[in-house]
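These notes concern the structure reproduced below.
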Amino acid sequence: MSQLYARKNDAGAVQTLFDHLHNTAHIAGEFEDEFVETSEAAGIHHDGGKAKRDFQKYLFDDNAKRGTVIHAYQGAFTISEIQTSHLIERFTQEVLELVIASHHGDLPDCILPSGDSSFFDKMSETNKSQEKYHYQEVKENLPRLDLDTDARFRRSVSESVALLDSLRRAGYAKRPSCDFALGQYVKYIFSRLIDADRLDAGYFGSQQQFAPCKPDWRRLVDCFEKNISDFDNTTSINQLRFEISETCRSASSRPTGIYKLAVPTGGGKTLASLRFALHHVVQTKKNRIIYVIPYLTITSQTTKSFREILDLSKDSDIILEHYSSVMGSMGQDRDDDGGDDKDEIDGSKVNRQKLAAERWDSPIIVTTMVQFLETVISSHGTKLRKFHNMANSVIVFDEIQSIPVNAINLFNEVVSFLSTILNCTVLLCSATVPQLERIGRSNLLLSENPDIIEDSEKYAAALKRTNIVPVEQEQNLDELAGFVLDKAQENGNCLAIVNLKSEARKLYQYLKQLSVDNTFALVHLSTSMCGIHRSEALQTVVDALDEKKPIICVSTQLIEAGVDISFACVIRATAGLDSILQSAGRCNRNGESREPKDVYVVSIKNERGLEVLSDIKHGKEITSRLMRDYPDRDLLSDDMLHEFYEHYFASSVMQKRMDYQTKAPDSSVYEMLSTNSYDRRRFNDRTSEKYGHKLAQAFKTASDQFHVIPHLAQDVIVEYGDSIALLEKFKEEKNKRNNMGTVIRLLHRLQDYSVSLFDYEIKKLSGTRAISVIDSEFGILLLNKQYYNEEYGVDLDSEMTGIFDDE
């Protein structure tokens, strides 16, 4: 072989293997200033397996099946042959072996699911000698590639020493937390390798480099300050908001760390936290701001407010709004070992928005907690590709009280790693910030003096605009409808928030039976409605309130966080105290009434659906107990909130739940990603040997078993508004060549017309032809229009007519 090649594109141009390996190493090393050598070592070795005749033949055979020539493991074999004598050297070796061997798909389980062998057994001489690897031939050709293996490895070991020193200085005293951090480090190096490899492929395929958007942070800060100075500060509430915002600006000079921002509802928390982030980025030279929101329903609203305060157009690349979507298989990983060879990325089809979503290299990213958690817990290369771009960022978690309880320990470990090792500043925001640092594992490494607002009770008292009024008598939904109507007539409008989608629909229907809609505008809000439908319904609410028209809104808890509306009366079905306080934030929000308005808490009879919503059920039970035990106490006080959280997190059952329990006994996702004692014991039982490697994490199994929203089956498009027209346009554009950018934009728009259906809902619909497959490649499903109600969304009880007429 006179020359070794890495890939070719459709035009017939070829890239040498030497160039690809050195380019990938250089890109991986350039991403961040820390762990450069380890990233470069992974990059320079990742495709060493292409240095063999069968790959070179495959590359130029237009009829060869993609992925049939194994070429990832050989680079890991090369690393495995380095002689090591110290534990830190072996750890470095294991990290590089894992990321190099796995770079075409998923990080694997270190101990195989069978329990009788480990991933590292694949580095044995017996395995290397298998004919499919042609490893001896590869070794003979490696000197031509100038890999400098030994020197690079020694420099990587030095970085491992620095990593462990950083963990010790940060306070990682407990082994599970330390092991979890080491697993996150593996993912971080994996992320840099994946991104560098795919970027180099993209550069070659398109013959152009995709330069990330470089913001002028100082100009953005100036825009923000100019626009916020125009806000009206004449009212007492706006003066308090201004004071809170000024405190956040002053706090931006604090060093990198994890902080808490407790701002009472209506205190201007969203823009105050953005102000902190913008100034902190400038002062600490961070790369980007990542703003994480609990609910998909408010990402667009938040993005819109950010664009307005920063004078950014809708098409500006400064802000990326990223959440899970109907793109189906668009982002699927390549599982095969042969992945990136022929025309991996056709540059003419690369869409900037898609690339930005995969990489998170935009200056400001607005995303959801679902997207964040399912990235950092994932083992998939495509999802983890963005992980390294979280480094050296300001990450704001808005409404942190909404974090799923079963993911708390995972969240604590991840953000602690991001802050202490990857130089991120993390801001935990809420009117009701839970004391996540005080749970059993004590694994949230807060900064010294972590509270941005040190006297939050002062603001809570000054911003007090409501009274919590428990209603002693339990009520059926029809009784609750009468109560809602009475309070609406008394106050001019009313917001009723319930725990279940089925309750919201039935309460809405009971109110219609009372002919409420003849007097009041009647609006329903829940996640049974597609995004555009919810937005239109919410706009109806906003307009009615602005115009002081009579209105009743029935909603699930989606309206509790981040929705800037103000009713004269709120009725809340009993739930966790944190939810009740968030609901109170939708009442008299702007101090329209000088006297506090009442927020009524009502227990609903026979609330059977809560059996599958254990967090809400648990919170409801504790709140009910507090209301019985402390009938004269103000439920809005910090003392009562702290008491609620202490009870909420205290039980041994809840402590286990926070580890994200799995079906296997004594097993959890937290355990899998930390010490993994369960698999270590099983290995010992099945082999009669002690597991001898530093890394034991079950990356793949943990990823497969982790879902932020359990039982979530599929997003489906509903027939509402322009959805059918958009689907037709999507099919038309997809049939055109070299038009992927338009297709992606259409998919993004279709997300607004989708609803997430759970497993039991899919099952209920499966026998009725209610769901049809529109596009299998992108996983697009369409729900029949007879199952979508124009008032309250998906209606599983609809009866289709004429469905079998063709039979």
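Chain labels run A, B, ... following the order of the structure tokens; each chain numbers its residues from 1, and ligands are numbered from 1 in the order shown.
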
Given only C-alpha atoms, how would the per-residue table for range 109-136 of chain A near range 694-716 of chain A read, listing every residue at most 12 Å away with its closest atom pair and distance in Å to one decimal, sorted by chain and number, as JSON lines?
{"residue": "A:Asp109", "atom": "CA", "partner": "A:Ala698", "partner_atom": "CA", "distance": 4.0}
{"residue": "A:Cys110", "atom": "CA", "partner": "A:Ala696", "partner_atom": "CA", "distance": 5.0}
{"residue": "A:Ile111", "atom": "CA", "partner": "A:Ala696", "partner_atom": "CA", "distance": 6.1}
{"residue": "A:Leu112", "atom": "CA", "partner": "A:Ala698", "partner_atom": "CA", "distance": 8.1}
{"residue": "A:Pro113", "atom": "CA", "partner": "A:Thr701", "partner_atom": "CA", "distance": 8.2}
{"residue": "A:Ser114", "atom": "CA", "partner": "A:Thr701", "partner_atom": "CA", "distance": 11.9}
{"residue": "A:Gly115", "atom": "CA", "partner": "A:Ala698", "partner_atom": "CA", "distance": 11.1}
{"residue": "A:Ser117", "atom": "CA", "partner": "A:Ala696", "partner_atom": "CA", "distance": 11.4}
{"residue": "A:Ser118", "atom": "CA", "partner": "A:Ala696", "partner_atom": "CA", "distance": 8.6}
{"residue": "A:Phe119", "atom": "CA", "partner": "A:Ala696", "partner_atom": "CA", "distance": 9.3}
{"residue": "A:Phe120", "atom": "CA", "partner": "A:Leu695", "partner_atom": "CA", "distance": 9.6}

Using DSSP secondary structure from the backbone, list all strand (DSSP E or B) positions within range 447-484 of chain A, as an NGL selection string. :A and (451 or 466-470 or 475)

Output file for the selection above: N, CA, C and O atoms, as a PDB file, in the first residue's frame:
ATOM      1  N   ASP A 451     -25.913  31.430  48.569  1.00  0.00           N
ATOM      2  CA  ASP A 451     -27.162  32.148  48.293  1.00  0.00           C
ATOM      3  C   ASP A 451     -26.889  33.500  47.647  1.00  0.00           C
ATOM      4  O   ASP A 451     -26.220  34.358  48.239  1.00  0.00           O
ATOM      5  N   THR A 466     -50.650  36.987  48.360  1.00  0.00           N
ATOM      6  CA  THR A 466     -51.702  35.974  48.467  1.00  0.00           C
ATOM      7  C   THR A 466     -51.760  35.389  49.872  1.00  0.00           C
ATOM      8  O   THR A 466     -50.793  35.473  50.640  1.00  0.00           O
ATOM      9  N   ASN A 467     -52.881  34.787  50.169  1.00  0.00           N
ATOM     10  CA  ASN A 467     -53.049  33.957  51.370  1.00  0.00           C
ATOM     11  C   ASN A 467     -53.430  32.546  50.925  1.00  0.00           C
ATOM     12  O   ASN A 467     -54.273  32.390  50.034  1.00  0.00           O
ATOM     13  N   ILE A 468     -52.829  31.546  51.548  1.00  0.00           N
ATOM     14  CA  ILE A 468     -53.204  30.164  51.271  1.00  0.00           C
ATOM     15  C   ILE A 468     -54.362  29.790  52.189  1.00  0.00           C
ATOM     16  O   ILE A 468     -54.248  29.887  53.420  1.00  0.00           O
ATOM     17  N   VAL A 469     -55.467  29.343  51.587  1.00  0.00           N
ATOM     18  CA  VAL A 469     -56.670  29.016  52.355  1.00  0.00           C
ATOM     19  C   VAL A 469     -57.024  27.548  52.123  1.00  0.00           C
ATOM     20  O   VAL A 469     -57.576  27.198  51.075  1.00  0.00           O
ATOM     21  N   PRO A 470     -56.716  26.663  53.078  1.00  0.00           N
ATOM     22  CA  PRO A 470     -57.123  25.259  52.922  1.00  0.00           C
ATOM     23  C   PRO A 470     -58.638  25.127  53.033  1.00  0.00           C
ATOM     24  O   PRO A 470     -59.268  25.738  53.904  1.00  0.00           O
ATOM     25  N   GLN A 475     -63.829  17.382  47.787  1.00  0.00           N
ATOM     26  CA  GLN A 475     -64.836  17.640  46.758  1.00  0.00           C
ATOM     27  C   GLN A 475     -64.659  16.710  45.575  1.00  0.00           C
ATOM     28  O   GLN A 475     -63.528  16.399  45.183  1.00  0.00           O
TER      29      GLN A 475
END

Which one of A:Ser191, A:Ser555, A:Thr270, A:Gln3 sits closest to Phe397 in chain A if you count only C-alpha atoms?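 Looking at the shortest contact to Phe397 in chain A, the residue is A:Thr270.
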
What are the closest atom pairs, with distances in Å to one decimal, for each residue of range 465-508 of chain A lying within 9 Å of range 568-572 of chain A, using only C-alpha atoms, rows by chain and rising residue number, as a tab-separated table?
residue	atom	partner	partner_atom	distance
A:Val484	CA	A:Ile571	CA	7.3
A:Lys487	CA	A:Cys569	CA	7.1
A:Ala488	CA	A:Cys569	CA	7.3
A:Asn491	CA	A:Ala568	CA	5.9
A:Gly492	CA	A:Ala568	CA	7.2
A:Asn493	CA	A:Ala568	CA	6.1
A:Cys494	CA	A:Cys569	CA	4.9
A:Leu495	CA	A:Val570	CA	4.7
A:Ala496	CA	A:Ile571	CA	4.7
A:Ile497	CA	A:Arg572	CA	4.9
A:Val498	CA	A:Arg572	CA	6.2
A:Asn499	CA	A:Arg572	CA	8.7

Excluding Lys620 in chain A and any residue of its chain fewer than 2 positions from it, enumerate the residues within 8 Å of it, using only C-alpha atoms, and give them as a list in words.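 Selected residues are Thr574, Ala575, Gly576, Leu577, Ile616, Lys617, His618, Ile622, Thr623 and Ser624 of chain A.
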
Write out as an MDAnalysis selection string which residues come within 12 Å of Leu726 in chain A when counting only C-alpha atoms, dropping same-chain ones fewer than 3 positions away. chainID A and resid 717:723 729:734 742:753

Kindly save the residues from that selection, with N, CA, C and O atoms included, as a tab-separated table (two decimals), in the first residue's frame.
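Resulting contents of selection_17.tsv:
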chain	number	residue	atom	x	y	z
A	717	ILE	N	-47.95	13.50	15.70
A	717	ILE	CA	-48.51	14.73	15.15
A	717	ILE	C	-50.03	14.64	15.22
A	717	ILE	O	-50.61	13.59	14.96
A	718	VAL	N	-50.67	15.75	15.58
A	718	VAL	CA	-52.13	15.77	15.62
A	718	VAL	C	-52.64	16.68	14.50
A	718	VAL	O	-51.93	17.56	14.02
A	719	GLU	N	-53.87	16.44	14.10
A	719	GLU	CA	-54.48	17.25	13.04
A	719	GLU	C	-55.07	18.50	13.67
A	719	GLU	O	-56.19	18.51	14.16
A	720	TYR	N	-54.26	19.53	13.67
A	720	TYR	CA	-54.67	20.80	14.25
A	720	TYR	C	-53.97	21.92	13.49
A	720	TYR	O	-52.77	21.81	13.16
A	721	GLY	N	-54.71	22.97	13.20
A	721	GLY	CA	-54.10	24.12	12.52
A	721	GLY	C	-53.46	23.74	11.20
A	721	GLY	O	-54.10	23.11	10.33
A	722	ASP	N	-52.19	24.09	11.04
A	722	ASP	CA	-51.48	23.89	9.77
A	722	ASP	C	-50.73	22.57	9.70
A	722	ASP	O	-49.90	22.39	8.81
A	723	SER	N	-50.99	21.64	10.62
A	723	SER	CA	-50.15	20.43	10.68
A	723	SER	C	-50.18	19.62	9.39
A	723	SER	O	-49.14	19.14	8.92
A	729	LYS	N	-45.94	19.47	2.91
A	729	LYS	CA	-44.73	20.20	2.49
A	729	LYS	C	-43.48	19.41	2.84
A	729	LYS	O	-42.52	19.35	2.05
A	730	PHE	N	-43.49	18.78	4.04
A	730	PHE	CA	-42.36	17.94	4.44
A	730	PHE	C	-42.14	16.81	3.44
A	730	PHE	O	-41.00	16.57	3.00
A	731	LYS	N	-43.19	16.10	3.05
A	731	LYS	CA	-43.05	14.99	2.10
A	731	LYS	C	-42.54	15.49	0.74
A	731	LYS	O	-41.70	14.85	0.10
A	732	GLU	N	-43.04	16.65	0.33
A	732	GLU	CA	-42.60	17.22	-0.95
A	732	GLU	C	-41.12	17.58	-0.92
A	732	GLU	O	-40.36	17.25	-1.85
A	733	GLU	N	-40.68	18.25	0.16
A	733	GLU	CA	-39.28	18.68	0.24
A	733	GLU	C	-38.34	17.50	0.44
A	733	GLU	O	-37.21	17.51	-0.04
A	734	LYS	N	-38.80	16.46	1.16
A	734	LYS	CA	-37.95	15.30	1.40
A	734	LYS	C	-37.62	14.58	0.11
A	734	LYS	O	-36.55	13.97	-0.04
A	742	THR	N	-34.23	22.49	4.56
A	742	THR	CA	-35.67	22.80	4.59
A	742	THR	C	-36.44	21.72	5.33
A	742	THR	O	-37.37	22.00	6.09
A	743	VAL	N	-36.05	20.46	5.12
A	743	VAL	CA	-36.71	19.34	5.79
A	743	VAL	C	-36.58	19.48	7.30
A	743	VAL	O	-37.55	19.31	8.06
A	744	ILE	N	-35.38	19.82	7.77
A	744	ILE	CA	-35.16	19.96	9.21
A	744	ILE	C	-35.99	21.11	9.77
A	744	ILE	O	-36.57	21.00	10.85
A	745	ARG	N	-36.07	22.21	9.04
A	745	ARG	CA	-36.86	23.34	9.51
A	745	ARG	C	-38.34	22.96	9.61
A	745	ARG	O	-39.05	23.36	10.53
A	746	LEU	N	-38.83	22.17	8.66
A	746	LEU	CA	-40.21	21.72	8.70
A	746	LEU	C	-40.45	20.78	9.89
A	746	LEU	O	-41.49	20.85	10.56
A	747	LEU	N	-39.49	19.91	10.16
A	747	LEU	CA	-39.60	19.03	11.31
A	747	LEU	C	-39.65	19.83	12.61
A	747	LEU	O	-40.40	19.50	13.53
A	748	HIS	N	-38.85	20.87	12.66
A	748	HIS	CA	-38.85	21.72	13.85
A	748	HIS	C	-40.22	22.38	14.04
A	748	HIS	O	-40.74	22.44	15.15
A	749	ARG	N	-40.83	22.84	12.95
A	749	ARG	CA	-42.15	23.45	13.04
A	749	ARG	C	-43.21	22.42	13.42
A	749	ARG	O	-44.14	22.72	14.17
A	750	LEU	N	-43.06	21.19	12.93
A	750	LEU	CA	-44.03	20.14	13.25
A	750	LEU	C	-44.02	19.77	14.73
A	750	LEU	O	-45.01	19.25	15.25
A	751	GLN	N	-42.89	20.03	15.40
A	751	GLN	CA	-42.85	19.76	16.84
A	751	GLN	C	-43.97	20.48	17.58
A	751	GLN	O	-44.52	19.98	18.56
A	752	ASP	N	-44.34	21.66	17.09
A	752	ASP	CA	-45.41	22.43	17.73
A	752	ASP	C	-46.78	21.79	17.57
A	752	ASP	O	-47.74	22.21	18.23
A	753	TYR	N	-46.87	20.79	16.70
A	753	TYR	CA	-48.14	20.12	16.47
A	753	TYR	C	-48.11	18.68	16.97
A	753	TYR	O	-48.89	17.84	16.53

For Ser674 in chain A, which of A:Ser102, A:Thr556, A:Gln184, A:Gln283 is the closest residue, counting only C-alpha atoms?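 Ranking A:Ser102, A:Thr556, A:Gln184, A:Gln283 by distance to Ser674 in chain A, first place goes to A:Gln184.
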
I'd like to know which of A:Leu446, A:Ala462, A:Val794, A:Leu310 is closest to Ser756 in chain A, using only C-alpha atoms.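 Closest residue, counting only C-alpha atoms: A:Val794.
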